[in-house]
Amino acid sequence: MGRGRLRIYLGAAPGVGKTYAMLAEAHRRLERGTDVVVAFVEDHGRRHTASLVEGLEVVPRRTLAHRGAVFTELDLDAVLARCPQVALVDELAHTNVPGCRNEKRWQDVEELLAAGIDVISTVNIQHLESLGDVVEGITGVRQRETVPDEVVRRADQIELVDMSPQALRRRLAHGNVYAPEKIDAALANYFRPGNLTALRELALLWTADRADEYLQKYRAEQGIEGTWQARERIVVGLTGGPEGATLIRRAARIAARGSGGELLAVHISRSDGLAGSGSSQTLIEQRALVESLGGSFHSVLGDDPAAGLLDFARGVNATQIVLGTSRRPAWQYVYGPGVGTTVTRDSGDIDVHMVTHEHAAKGRGRVPVRRITDLGRARTVAGWLIGLAGPPLLAVVLTAIGGLGLSTDMLLFLSLTVCAALVGGLLPAIASALVGSSVLNYYFTPPIHTFTINEPQNIMAVAIFTVVGISVASVVDLAARRTHQAARSQTEAQTLSALAGTVLRGVPNGDGVLTALMEQVRETFGQESAALLERPDPLGAWVPVAVAGPHPPERPEEADVDVPVGDSLALVLRGRVLPGADRRLLGAFAAQSAVVLERRRLAREAAAARREAEGNRIRTALLAAVSHDLRTPLAGIKASVTSLRSADVEWDPEDETELLAGIEAGADRLDHLINNLLDMSRLQTGTVTPLIQETDLDEVVPFALGGVPPGAVRLDVPETLPMIRADGGLLERSLANLVENAVKYSPNGVKVLVKADALAPAGGPGRVELRIVDRGPGVPEEAKERIFAPFQRYGDAPRGAGVGLGLAVARGFVEAMDGTVTAEDTPGGGLTMVVSLPAVERPPEPAGPAGDGHDPSNRLIT
């Protein structure tokens with residue numbers, strides 16, 4: 001028995017019609033005689049979806065109890081026992097209730113597929129695991145239920161169920177997605193046009209990439225090497241030369257002509273790791289340009305640039321290649337036809353664009369080799385002294401001792417040349433070789449004291465000495481330069497690593513990071529001061545953003561070193577002029593400073609946007625509260641007052657008392673709601689100032705129970721509890737909200753327990769802990785913090801009135817008194833609110849006289 005096939009309907013958001021499309025496909029297969037069953041389909045109360053379930057065989061669900069509530073889940077064993085050809089399993093990313101065989105529904109689907117059953121399922125783009133952070137950044141909502149991307153990618157068929165944001169919002173407004181009471185909140189939050197547009201683009205791009213994977217897989221399986229122009233892919237070949245920017249912009253214009261065009265830049269590096277003719281700094285700049293234009297940069301190893309470029313282009317299914325005309329002069333074509341000609345000849349069905357530029361046929365140029373110019377004056381002078389004065393002095397010494405033979409003398413002079421190269425570099429070493437050969441010829445080559453040489457072998461010996469001396473000097477100088485460059489590169493790498501570490505460890509707003517960067521720049525380059533200057537507009541004055549050191553430059557013109565970053569930012573140093581070799585590292589500091597400054601601005605804008613969004617959310621919730629929760633008691637009061645004032649009805653005392661009681665109850669509800677709104681406003685504006693004093697808990701708790709029905713609460717507050725430091729009024733309001741919330745969610749006939757205990761942590765101050773215990777449905781772990789947010793109510797339709805402020809106000813007041821409020825699970829089901837407050841510290845009292853019956857732990861409670 002083979003593995004079943006998986007078909008997934010993918011949507012950008014709830015309500016686009018994934019389940020409807022799945023059920024419609026099931027009916028089509030049923031008409032063709034396929035054995036189809038509904039393993040699990042959730043219609044969410046949508047009548048059109050529910051109507052499509054009719055006529056299909058439905059496998060009964062499994063019923064499970066969890067935390068006092070009853071849930072239904074997919075009965076995996078029943079579906080496996082039924083063994084249909086096709087099973088419909090809705091909501092692939094769903095998390096199963098504890099007690100099921102698998103934690104996730106996609107794992108149930110895997111078992112069905114392994115049993116040879118075809119499965120049709122649904123999933124939204126926001127439930128893909130890799131897109132969790134992206135979706136949270138768009139919608140502000142973190143998706144708790146996710147499915148691994150690989151599970152969806154392995155599907156045999158993925159069908160995108162697409163709908164425009166405007167059409168989806170119309171469906172929502174018509175009540176085809178959510179219940180009427182949820183429509184306004186959904187349209188104002190998750191289903192905003194911008195959110196839906198972004199999610200739709202995510203779904204389209206993800207599906208397009210999946211289609212591209214199918215295409216690549218098919219071409220590989222069928223051995224198709226030709227290009228299928230299903231999508232314009234423009235490959236631009238870069239050599240690292242100055243013409244690269246022109247080629248990139250030209251290729252970007254070509255890619256932009258058609259919708260969905262893709263730009264790819266590629267540089268062929270030699271496989272032996274040796275640098276080519278291109279400049280690494282130029283390639284870095286060209287990479288940045290490619291990425292800024294929405295393309296991607298690739299580096300490929302290969303000894304044959306033309307073959308490597310064509311292999312890459314065919315590998316990515318490119319449709320066009322953009323190359324620049326060669327920079328080689330005409331005479332150099334004797335070495336071969338060139339990369340452009342070879343690529344054009346062998347490209348096959350890939351179009352090749354040859355772009356002219358100002359550097360064409362002007363030669364490749366040479367990358368200047370920087371000699372060591374920073375050996376210092378002492379080493380340079382010492383090298384020249386060894387090179388110029390060393391050979392004559394050595395000749396005097398050898399003459400005094402009668403010489404050691406021509407070959408030995410030559411080795412000594414060669415050693416002097418090597419010494420000059422090590423100390424002073426190439427030029428002193430060449431001078432030493434030339435002077436040494438002249439001295440050898442004059443003093444030690446017969447006839448001596450003349451510059452003529454009689455014996456041919458001596459002529460050859462002196463010539464070889466000169467060539468070897470110059471060659472050895474060059475090799476030694478090259479090795480010294482490479483060592484110096486390696487040491488400098490290591491220093492730069494360490495500096496850049498420290499720079500990155502400074503930025504990553506910095507505070508989010510960037511203030512401390514910029515100051516640390518300026519200090520690091522000043523110390524690294526040995527400057528007196530460093531500053532980051534900004535100019536708000538091109539004609540405005542420069543303003544220091546961050547400075548380090550005394551007397552920093554106030555304008556770029558006053559600085560010894562000026563590194564501009566764009567038109568409005570500059571990194572300036574005062575102290576000494578830096579060599580050109582330090583400009584690259586200094587440029588990295590400048591670029592990183594600009595990034596940190598931009599991040600600080602973005603953080604501030606994000607914080608302001610969050611504050612504005614929070615204010616808008618609170619205003620929206622307040623409007624909903626005023627329009628609904630406040631109107632309900634007002635309507636009851638008005639109805640009762642109208643009835644009492646009615647002249648054509650005679651009310652007996654009992655009815656009149658009942659109407660007055662209704663007015664009083666409505667007024668109490670209004671008072672409670674308005675007090676909570678005012679309290680929340682005080683907390684939001686930071687105007688809550690508690691009057692902290694010694695308070696007796698068993699005097700506050702009874703007053704906090706005034707708003708709950710008699711007999712709904714059981715108290716366990718010992719009289720021996722220590723005094724607490726709190727504001728009695730705020731504490732009463734907080735406990736009242738917590739107790740009323742617990743009573744509201746407790747089952748009928750089950751009392752809420754209010755219990756207090758004294759805690760004395762080892763080595764810490766004592767505290768008093770008050771626990772409000774209910775036996776209601778409880779709250780999932782991930783929602784325990786969310787229920788304390790303003791205007792949040794757990795569940796779809798909580799009993800009783802309220803705008804979701806009680807818990808927020810309770811926590812705000814308690815925290816203002818240096819206390820805490822946390823939510824815990826009640827053993828056996830339910831929720832426990834734990835209020836912890838500081839106890840009053842009492843010094844130990846002296847023991848009373850023996851036999852007087854005095855016990856300092858007892859207090860008289862009146």
# chains A, B, ... in the order shown; residues from 1 in each chain; ligands from 1
>>> residues_around(residues="A:Thr822", least_positions_apart="2", cutoff="7 Å", atoms="only C-alpha atoms", output="ChimeraX atom specification")
/A:820,824,833-835
>>> select_by_dssp(residues="stretch 22-187 of chain A", states="strand (DSSP E)", output="number ranges by chain")
A: 36-40, 57-58, 62-66, 69-73, 86-89, 118-124, 157-161
>>> select_by_dssp(residues="stretch 43-166 of chain A", states="alpha helix (DSSP H)", output="number ranges by chain")
A: 47-53, 76-82, 105-114, 132-139, 149-153, 165-166
>>> closest_residue(among="A:Lys18, A:Arg574, A:Arg5, A:Arg600", to="A:Val545", atoms="only C-alpha atoms")
A:Arg600
>>> closest_residue(among="A:Ala667, A:Ala463, A:Ala21, A:Leu238", to="A:Ile268", atoms="only C-alpha atoms")
A:Leu238
>>> closest_residue(among="A:Leu283, A:Ala516, A:Gly45, A:Ile692", to="A:Gln592", atoms="only C-alpha atoms")
A:Ala516
>>> closest_residue(among="A:Arg46, A:Arg32, A:Arg327, A:His449", to="A:Ala395", atoms="only C-alpha atoms")
A:His449
>>> closest_residue(among="A:Ile321, A:Leu76, A:Leu52, A:Thr524", to="A:Gly348", atoms="only C-alpha atoms")
A:Ile321
